Structure formats: structure tokens, C-alpha cells
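This report concerns only the one structure given below.
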Amino acid sequence: MPGSEVLLGLFFALCLAGVALACLLPERRQPSVLAWLGSAAAVVLILATGWQLLSEQPFALRLWPMLPYGTLGIAMDPLSALFGLVVGLVFLPVSVFSGRYVLKYLEDYSLGYFCVLYFGFLAALVLVLVASDVVLLVLAWEVMSVLSYLLVNYDDKGDEGTRAGFLMLAMSEAGTIAIVIAVAIVANASGRIDFAGIRAAVPHLEGAAGLTVFLLAFVGFGVKAGLIPLNSWLPRAHPVAPTNVSALLSGVMVNLGIYGILRIDVDLLPPIDVGRGLLVLAVGSISALVGILYATIQTDLKRMLAHSTIENMGIVTAALGAGMVFSAAGFSALAGMALITALYHMVNHSLYKTLLFLGSGAVETGAGSRDLDRLGGLASRMPWTSVLFLAGAWSIAGLPPFNGFVSEWLTLQTILRSAVLSSAGVKIVFALAGAMLALTAGLAVTCFVKAFAMGFLGHARSPDARDAREVRPMVRAPMAFLAVCCVLLGVLPTYTIPVLDCAAAPLARASGKDALVPPFFRLPSAGGEGLPGPFVREFHDLGAQIGREVLPGRSLVVLHRGGERNPVVFAMSTSYMVVVLAILLILAYLAFGRATRRRTVARRPAWDGGLRRLRPQLTYTATGFSNPVRVVFHALLRPTVIEETTEAVAEHFRTAVRREYAEVHVVDRLVTHPIIAGTRRLAKTLRMMHIGRVNAYAAYVLVTVLATLVVGQGGDILSRLMTGLGISPE
Amino acid sequence: MTKWVAKGLRTGIKSTRYPDTLEPAPGVSPGRPAGTHLDDDESGARLCGLCPTGALEAEENGVAVLLDRCVHCFRCLRGDAPAVVRWEGDYEWAAIEREAEDARRRLGRAFGRSLHIRFLDAGACGACMSEARQLNNPYYNIHRLGFFITPTPRHADILLVAGPLTDAMRVPLQKTYDAMPSPKRVVAIGACALSGGVFGPSFVSAGGVGELLPVDVVVPGCPPPPLAILHGLLVAVARKPPGPLRSAAPDAG
């Protein structure tokens, strides 16, 4: 087995080969290059990062000396490896999917161009993750941002697409500027550019400088993560991007925002201030709630998923903030637990969001629309896609036995652990955040019940949906892969948590592994490994050690241990739950079958109120399903209603009422639009300078020069200037 | 609140005692014609000619009344009539149209105290609906007998239909009947639902619910008073015996 640095080199070579082949091969060969080379690169990446995570031997390569600040280089520590693993896990199915999906662009757009962007994007993503110094990080970050913009605008969607792309680029660049200032301050303070050097020097960065760096990095990386109030680009860019690109944006690129926050704000600047953690927690919780609220009322499948990305990144950020608070308050084990939770949710989100985006792409291909109000009844026409989409919806709604349940449950439990903190104010913030996250979890169920029920069940609401066709196996296979990953991460959390702990432990300066997964399988019959004897005996009586001989690992129970009075704070085992649920379901099925053996079942058409024909337009729509949410949160959503009434016969007889709702996103209303309006006003004021007379412009130049001379060290420059002009100062 | 309770207690029970005792209150029923003994054939024939729906039938010794056709127009009772028919004031009018004794008794046992009724207007003028609506008010209060009006046929045991079955309501009526779970019964109320009434079989109406569905119990009247409808429901669950559908002329006055 070659080391991970060799595999990483192979990965970059494959990306380069992809770019080269994209330039050389003819158009119709491009899809297979995309599928084969893309998935090969992803597999190599998975191997490299997986090897790195399991072997726990960080490596570093020095690339380019930049004396005296240090060396540009790449390195892979467990955190990079974990994020890289996610990149690989997402790119593998998306590459296979893309091989079929890009065929629809074959006649209209250059596929070679797409492949160049695709492989460049993949390489840039990984380069961001493995950069071991701030300069390379910022460079790769910028390349990634520009490539993602080009990918989003690959498909010409007219004005809307152009605007969305520009907004995305503008916000991303603003974020990059914030990041550059932040790393400049850090590099300036420490005199080094590599992470190891900064880490050694930066603990001295306290006070205003430290806070500035923290805030700038949080804002700069938060733009990519789509956190409120920096989220405006996200729900606009996703619907206009090709579906495979949307999957990459939501599945991978937003994660890099979290990576940046973790790298700068947790790794390089150790969290010492509870207030910063609380800020992150609050921003995360609000993002989660606002994100899911707008997701619930959307009827466009992709826009809904984009809003849901904001929600999930909010949950990740909230768990991260909780970890920072625990870390600052000195509870290292709890901090480790919170970071594990955050990473767990991030990995889960990447998997199921990619699955759902691929599902929406399959729906768009098969049924010609992604408007939930125009879909319906796809379950019978596209059974495979429906089942796979259901798996994704089930996961994202946070229902067992899928992976979303584990991480959402752990998030809420982590928030509840704020009971150990001493400050009442901090506890109140935690309680509010917990309440918001719980509401978010509830709304997420509503949202994805809507998505599945209105999209796949009931009657088809458009001719296209009625004639929908199942997608090809090569489109379904990537979704099946992701669905299997979702189930595995949901059923086997005790095997996932130790892997995540590798990445989280260095950040939290403590391992959360033992706090979450007690090693029952490694214990002798009683006592040992730091667990008290009575505790172990009690759990042995319950059978926690069953399967010790056959199963490698620690145990199958996620269990958080408390003190003497409260030995178990929380415990849960989805592994056992699945077994018990399966047995119960089978028993219930058998019992029901036996009880109703003699019954004859009369099947009648659905009761439609006695209408001559039940028209699909009359059935429940996605808009109708989510309307209660719209009504309850009216104060926040503030929809504008446009009502058009067609009247006939003496102006009193309404023949048709057409009502349209339009919501302006609360962030746009409160933040983005005022900023744009303010900038416009400023520009308008400045425009008054331009009066069109040469004399005036000459005066401006003169005034500017004078001002510069006065403000700068006037005398010095002035004398030099006069010397230069041949005028003696005397 | 206390006043409310006190007032309720002072007022006492105002609901009708039917079916335990017959209703004595006047005006509950408009009454209906009954078979009448007539001495001369000529006045019988002229009387029959007066009837707009052909409910009167001349017999050897007088006129018989086909109760399912009578629309209570009172022509045969007015002063200009050649002879006045006998007029009955009771209201136990429900009758059985179909020979379905066994089936009816089975429904009666199982649903004696919890019977859900779906009311359907198959093109009625509104009078039958107005009467049927009274069933739920505090005076008739059918809940005390275990009868409930339900809005969906999925829960219904009895389909209560009024109206001559217009073409527009043919599909909804069939769909409603199909949507009901078995065992199920149909109770048709009002002259229209029984025979088409003043509309009869015409270019827009079938002339009775029986044209489409198997009717188990019929309640004549135009409209039938609430107590007659209640009697029909009780007949459907075999808690009351049915009455006749044709009132023959008695032999001697």
C-alpha cells in the first residue's frame, strides 16, 4: 500500500490528465472522460484520505520557499483528510452521474470546457484542504471560487442566471477580501505563513487583533458556508446551476466554509473567549431556523434544497459554536463531543444533500420539471428514483434509522449539556439555540414530507409528470451508493464516531471518543479502561457486550457518561434499534395478516367528493401543504400577495381568481437590499462631482495632490517634487 | 355560566318523546290523504282528474291513494273538489319498497345504536333538505337515538337521498353509493325521490332514486316532516315497523 502522499500525487496527476484529455479529445468522448477519470480521481482521493485518517501519520511536503516567512507546502492532517474524504465520497457518485447528465448539453455547449472546469474545481477543492500555509490556502480558495462561479454559469439561464452568478461572485470576493485581511493580520503577528509556525506563535494574538481575525475569518468563510446573513447567493445560484454542479456546491463547497472556520478560528486561534463561541452558536441556530423556514415554503425542488443547505450548515455551525464555548469554558471532552457532532452532521449533510440533488436532477430529466406543484404521482412512474429520493428525504428529515437522526440527536444532546456551564446568560443562549434547533428539526420533517408526498405521491399535475420515464441505471447507481452510505452512517454511528474523533480531537485538545462510545467490546467482563465496575456490570446485564466476539470496534451504543448521581446522561443505539424495529415490523405484519385472514378487502377509488372526474389541479399541492407554516410565520416571511380577479356579468360574478405569493427573503429585506440601496445612494452623491468641465477636473487633481501632500509627510515629498521639477526650495 | 345551567335545568327536556310515545303536538305533520270511500263513481273519477301527479286511483268503492306520488297540494281537500278525501294527521309514513326483510334485520342488529348517515341532495327543491336539517336540532335530536350525520360516505351506513335524481347528480350519487362500505342501505325521502314527484321522469331527471340505486326504505311526503324521516331511519334499522305505501279505499264510510 503506497503512502497517502503518493496517492495524493496520483490524484493531482489524474486531475491534470482530465484537464489535458478535455482539451484533446472530441466532444462526444467527454462524458466518458468525466465519468471514468472523475470517479477514478475520487476513488484515489478516498483511498489517500482514508489511509491518512486510519494511519494517523500526518505528512508534509515543502513546495516553494518564501523566505523569511516560511515555505509554501501541502500537508494532510486528520482534519484535511476528513474533509478530503467527504470530497471524494461526493465526487465519486457525482462523476458517474455527470457522465450521463452532461449529454443534454452535447449540442449546445462545449463539454470540453465543462470537463476542464470540473477537474480544475476538484483539484482546487483538494488543494484548499491540503494547503499547509495561508498563502496557498488563499490562492486555492480564490481559484475554487472563480471555478465554481464559472460552473454555475455554465448553462445559460438568461438574466436570472447572470444575476445569480454575479451575486455569487461578488459575495465570494467580498469574503475572500475578509479572509485575506484576516490571514494577513495573523501572518504579520506571527511572522510566519505556515500553519505550524502560526500555531506556535499565535496564542499571543489576543485582544482586538485576535477578535478582528476571528470575525473576519468567520465572515469570509461564512459566505461560502451560506450562513445568515451571508446566504443571499446560495438559494439563487443553486437553481440556475446544472444539477451536478448544484450537488457539488451543496455537497462539498459549503463544507469548505466550515473547514475555513475550523482551521482559522479553532485550530490556529484557540477558542479562549466564550462570547465568540456564543456568536457562532447564535448565527448557526438562526441560520438553521431561517433556512428551513424558507425551504418549507418553496415549491421549486432545487431552491428548496438550497435553503435546506443553509439550514444544515446552520446546525453544523451551531454544534461548532457549542464546541467553542465548551472549549473556552474548559470542558475539553464536551468540546470534542460537540466537534464530533458538527463533523458528523457535515458528513451526513454532504451525503444526503448530494443524493437529493441527484434525485432532483433525475426528476427533472424524467418528468421535465422540478416544480413540486407540477409534479406528483412519480412513485409509480419512477419507482427507483422515488425510493432513493425517499431515503434522502428520510435522512435529511432526521428520522431513524438514517444518518440524519444520529447527528441531529447528538446536536440537541450536546446543546443540552450546557447544564454543566456556570454562567446563567450562556445557559439562556444555549436554551434558545436548542429551542430553535428543535423547531428546525420539526420543520425539516414537514419540509421533506412535502417534498416527497407532493412530488412522488398522488396524481400527476402536469402532462410531463404523467408521462415521466424512469432514469437510466447509470443515473440511479450513484444515488443508490449515496443511499447506502446514508444507511450505514445511520446504523453504525459507533464505528463512525472514532474516525471523526481523529479529526476533532486535535482541535478540541481532548478526545470525545470515550465520552461518546464506551469501549464495551474491549472490556473484560467487569471494570477496566476507566469505567467503574458497577456501571460496566449493569450494562453487561443489559447485554451491551453481546457480539463482542464477532464485531470489531468499541460497542454498538452511543452513550454519554455523567457523574456519580447521574451515571448515564444520554444513550442511544441505532444499531439495536434497527434490529428491534425490523423484528417488530415483521411480527406486526404477521399478526395483522393473521388477524385479517378471513377479511375480504374491497378496493374502491379514492373519494373525490362525487366529482365527475378528480382533476389533478384539485388535489393537495405543495403550496397548500406548506401554507400553515406560511401563515404561522407570517410576521417573518411577510409575503406580498398579488391577486388578479377576472369578473364578468355586472362586475360581481368572479369567473377566475389568480393569486400569487412572492416572498423577499428576510436577509435580503433587512441586510442585502439596504446595503445595495446605500451603495447606490453613495454613488449618486459622488456622481455630482462629474459636472463635465475640464477646469473642474483639473481642480480635483490639484486638490487631491495637495491633500496627499498635507496628509502624507508633506514637506519631504514636496521638496523632492520641487527638486525633481528643477525648482530649488530656496 | 351558573345562570346558563340554572336556565337549562328550569327549561327541562324539550326534545320530542318519539319513538317512545307518539308525538301529540299539533302542526308537526301536514297530514296526508288516505283512501276514501265514495258512493258515486263519477266524483271519484273527477277527483282523480284533479290530482296533478296521479296519486289518486279510482277503485270500485272509492279512491285509493298512491302515497309515493302525493305532493300535498290539497286540491282533493279544497272546497271546489267534488268530494273531499279523508285526511290523516299522523307521520309514521315510512314504507318498504323492496322485499329485503332479512337483510334489513341484519343491519338493524349491528347498527342499532350507532348509525352514520350521509345525506345527499339529488336535485331536490330544498324543502326535503330543510326538513332533514331539523333532525339534528335540539327538538328532534337524533343523537339520542344513536344516529349521526357524517360528511363522508366512507363512514356512512345509510344514504339518505332527496330529489328526483337529476342527470347532473347521477354520477355523484353512484359514486357516493360506491364509496360506502358494506353493509349499506338507501333511504329515499320525498315524493321526488320516490316517483319523480311533480317533475316525474323527464329530460333532465330520472324520476326517482330507485332508477339508479336499490332503495330499501321510502319516506313519502312533500316534504316529509322530520318525524317521518326519523321513522324512516328507525324502519331501516328495524326498530319500528313500516307503514303502507298505498292507502286503499275502505269498504264503508
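Ordering of the C-alpha cells sets the chain letters (A, B, ...); residue numbers start at 1 within each chain; ligands are numbered from 1 in the order shown.
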
Would you pick out the contacts of segment 219-233 of chain B at 6 Å or less, using only C-alpha atoms, so that residues sharing its chain but fewer than 4 positions from it are not included, and give the list as a PyMOL selection string? chain B and resi 29+68+71+91-94+127-128+131-132+189-191

If you run DSSP on the backbone here, which positions in segment 19-187 of chain B get alpha helix (DSSP H)? Please write them as a PyMOL selection string. chain B and resi 41-50+101-111+127-133+170-179

Please save N, CA and C atoms of the selected residues as an mmCIF file, in the first residue's frame.
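Printed below is result-v5.cif as written:
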data_model
loop_
_atom_site.group_PDB
_atom_site.id
_atom_site.type_symbol
_atom_site.label_atom_id
_atom_site.label_comp_id
_atom_site.auth_asym_id
_atom_site.auth_seq_id
_atom_site.Cartn_x
_atom_site.Cartn_y
_atom_site.Cartn_z
ATOM 1 N N ASP B 41 -119.258 6.773 -8.566
ATOM 2 C CA ASP B 41 -118.038 6.615 -9.352
ATOM 3 C C ASP B 41 -117.616 7.915 -10.020
ATOM 4 N N GLU B 42 -118.608 8.740 -10.352
ATOM 5 C CA GLU B 42 -118.297 9.932 -11.139
ATOM 6 C C GLU B 42 -117.428 10.908 -10.349
ATOM 7 N N SER B 43 -117.769 11.142 -9.073
ATOM 8 C CA SER B 43 -116.965 12.080 -8.285
ATOM 9 C C SER B 43 -115.575 11.508 -8.044
ATOM 10 N N GLY B 44 -115.483 10.178 -7.937
ATOM 11 C CA GLY B 44 -114.160 9.548 -7.784
ATOM 12 C C GLY B 44 -113.297 9.825 -8.994
ATOM 13 N N ALA B 45 -113.883 9.701 -10.203
ATOM 14 C CA ALA B 45 -113.113 9.915 -11.418
ATOM 15 C C ALA B 45 -112.695 11.366 -11.533
ATOM 16 N N ARG B 46 -113.625 12.286 -11.155
ATOM 17 C CA ARG B 46 -113.270 13.706 -11.222
ATOM 18 C C ARG B 46 -112.189 14.064 -10.194
ATOM 19 N N LEU B 47 -112.292 13.438 -9.064
ATOM 20 C CA LEU B 47 -111.273 13.651 -8.030
ATOM 21 C C LEU B 47 -109.890 13.230 -8.537
ATOM 22 N N CYS B 48 -109.891 12.073 -9.196
ATOM 23 C CA CYS B 48 -108.613 11.602 -9.739
ATOM 24 C C CYS B 48 -108.067 12.570 -10.771
ATOM 25 N N GLY B 49 -108.971 13.179 -11.534
ATOM 26 C CA GLY B 49 -108.525 14.134 -12.532
ATOM 27 C C GLY B 49 -107.901 15.371 -11.939
ATOM 28 N N LEU B 50 -108.283 15.696 -10.712
ATOM 29 C CA LEU B 50 -107.729 16.879 -10.070
ATOM 30 C C LEU B 50 -106.266 16.689 -9.670
ATOM 31 N N GLU B 101 -86.384 -8.023 3.781
ATOM 32 C CA GLU B 101 -86.595 -8.133 5.223
ATOM 33 C C GLU B 101 -85.361 -8.652 5.956
ATOM 34 N N ASP B 102 -84.810 -9.751 5.456
ATOM 35 C CA ASP B 102 -83.698 -10.402 6.174
ATOM 36 C C ASP B 102 -82.491 -9.485 6.261
ATOM 37 N N ALA B 103 -82.172 -8.911 5.094
ATOM 38 C CA ALA B 103 -81.002 -8.037 5.057
ATOM 39 C C ALA B 103 -81.200 -6.858 5.989
ATOM 40 N N ARG B 104 -82.412 -6.336 6.024
ATOM 41 C CA ARG B 104 -82.646 -5.169 6.851
ATOM 42 C C ARG B 104 -82.496 -5.501 8.324
ATOM 43 N N ARG B 105 -82.976 -6.673 8.683
ATOM 44 C CA ARG B 105 -82.881 -7.039 10.080
ATOM 45 C C ARG B 105 -81.423 -7.178 10.492
ATOM 46 N N ARG B 106 -80.575 -7.679 9.579
ATOM 47 C CA ARG B 106 -79.162 -7.836 9.912
ATOM 48 C C ARG B 106 -78.513 -6.469 10.155
ATOM 49 N N LEU B 107 -78.807 -5.542 9.329
ATOM 50 C CA LEU B 107 -78.271 -4.201 9.536
ATOM 51 C C LEU B 107 -78.772 -3.648 10.864
ATOM 52 N N GLY B 108 -80.006 -3.909 11.150
ATOM 53 C CA GLY B 108 -80.595 -3.390 12.374
ATOM 54 C C GLY B 108 -79.866 -3.856 13.608
ATOM 55 N N ARG B 109 -79.511 -5.102 13.687
ATOM 56 C CA ARG B 109 -78.832 -5.593 14.890
ATOM 57 C C ARG B 109 -77.470 -4.942 15.060
ATOM 58 N N ALA B 110 -76.723 -4.924 13.965
ATOM 59 C CA ALA B 110 -75.345 -4.460 14.092
ATOM 60 C C ALA B 110 -75.267 -2.960 14.313
ATOM 61 N N PHE B 111 -76.234 -2.226 13.787
ATOM 62 C CA PHE B 111 -76.097 -0.773 13.802
ATOM 63 C C PHE B 111 -77.183 -0.094 14.624
ATOM 64 N N ALA B 127 -86.946 21.769 0.012
ATOM 65 C CA ALA B 127 -87.882 21.515 1.097
ATOM 66 C C ALA B 127 -87.466 20.291 1.908
ATOM 67 N N CYS B 128 -87.108 19.209 1.199
ATOM 68 C CA CYS B 128 -86.699 17.991 1.905
ATOM 69 C C CYS B 128 -85.453 18.258 2.731
ATOM 70 N N MET B 129 -84.534 19.070 2.157
ATOM 71 C CA MET B 129 -83.304 19.362 2.888
ATOM 72 C C MET B 129 -83.616 20.162 4.126
ATOM 73 N N SER B 130 -84.557 21.105 3.966
ATOM 74 C CA SER B 130 -84.935 21.925 5.108
ATOM 75 C C SER B 130 -85.496 21.064 6.229
ATOM 76 N N GLU B 131 -86.260 20.044 5.862
ATOM 77 C CA GLU B 131 -86.829 19.168 6.881
ATOM 78 C C GLU B 131 -85.752 18.256 7.481
ATOM 79 N N ALA B 132 -84.929 17.706 6.591
ATOM 80 C CA ALA B 132 -83.912 16.767 7.068
ATOM 81 C C ALA B 132 -82.921 17.470 7.990
ATOM 82 N N ARG B 133 -82.724 18.763 7.724
ATOM 83 C CA ARG B 133 -81.788 19.506 8.560
ATOM 84 C C ARG B 133 -82.293 19.614 9.998
ATOM 85 N N ARG B 170 -76.452 12.265 -11.127
ATOM 86 C CA ARG B 170 -76.433 10.820 -11.312
ATOM 87 C C ARG B 170 -75.062 10.241 -10.949
ATOM 88 N N VAL B 171 -73.995 10.864 -11.485
ATOM 89 C CA VAL B 171 -72.641 10.365 -11.205
ATOM 90 C C VAL B 171 -72.286 10.524 -9.729
ATOM 91 N N PRO B 172 -72.513 11.718 -9.139
ATOM 92 C CA PRO B 172 -72.186 11.845 -7.715
ATOM 93 C C PRO B 172 -72.923 10.836 -6.843
ATOM 94 N N LEU B 173 -74.214 10.571 -7.176
ATOM 95 C CA LEU B 173 -74.983 9.633 -6.353
ATOM 96 C C LEU B 173 -74.380 8.234 -6.463
ATOM 97 N N GLN B 174 -74.069 7.834 -7.687
ATOM 98 C CA GLN B 174 -73.488 6.499 -7.875
ATOM 99 C C GLN B 174 -72.147 6.401 -7.163
ATOM 100 N N LYS B 175 -71.328 7.475 -7.284
ATOM 101 C CA LYS B 175 -70.008 7.453 -6.655
ATOM 102 C C LYS B 175 -70.138 7.392 -5.142
ATOM 103 N N THR B 176 -71.099 8.139 -4.612
ATOM 104 C CA THR B 176 -71.296 8.131 -3.163
ATOM 105 C C THR B 176 -71.693 6.748 -2.694
ATOM 106 N N TYR B 177 -72.610 6.129 -3.426
ATOM 107 C CA TYR B 177 -73.062 4.796 -3.034
ATOM 108 C C TYR B 177 -71.899 3.813 -3.114
ATOM 109 N N ASP B 178 -71.083 3.923 -4.184
ATOM 110 C CA ASP B 178 -69.945 3.012 -4.340
ATOM 111 C C ASP B 178 -68.913 3.217 -3.243
ATOM 112 N N ALA B 179 -68.806 4.462 -2.778
ATOM 113 C CA ALA B 179 -67.776 4.748 -1.781
ATOM 114 C C ALA B 179 -68.163 4.264 -0.398
#

For segment 10-25 of chain B, find every residue with an atom within 12 Å (counting only C-alpha atoms), except residues of its own chain fewer than 3 positions away, and show them as a count of residues only. 37

Near segment 202-210 of chain B, within 10 Å and counting only C-alpha atoms, which residues show up once chain neighbours fewer than 2 positions away are dropped, as a VMD selection string? chain B and resid 97 122 to 123 161 to 170 173 186 to 200 212 to 216 218

Residue nearest Val252 of chain A among A:Ser380, A:Asn348, A:Ser55, A:Thr71 (counting only C-alpha atoms): A:Asn348

Between A:Ala444, A:Ile415, A:Ala503, A:Ile691, single out the one closest to Pro78 of chain A, counting only C-alpha atoms.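 Checking each candidate against Pro78 of chain A, we get A:Ala503 as the closest.
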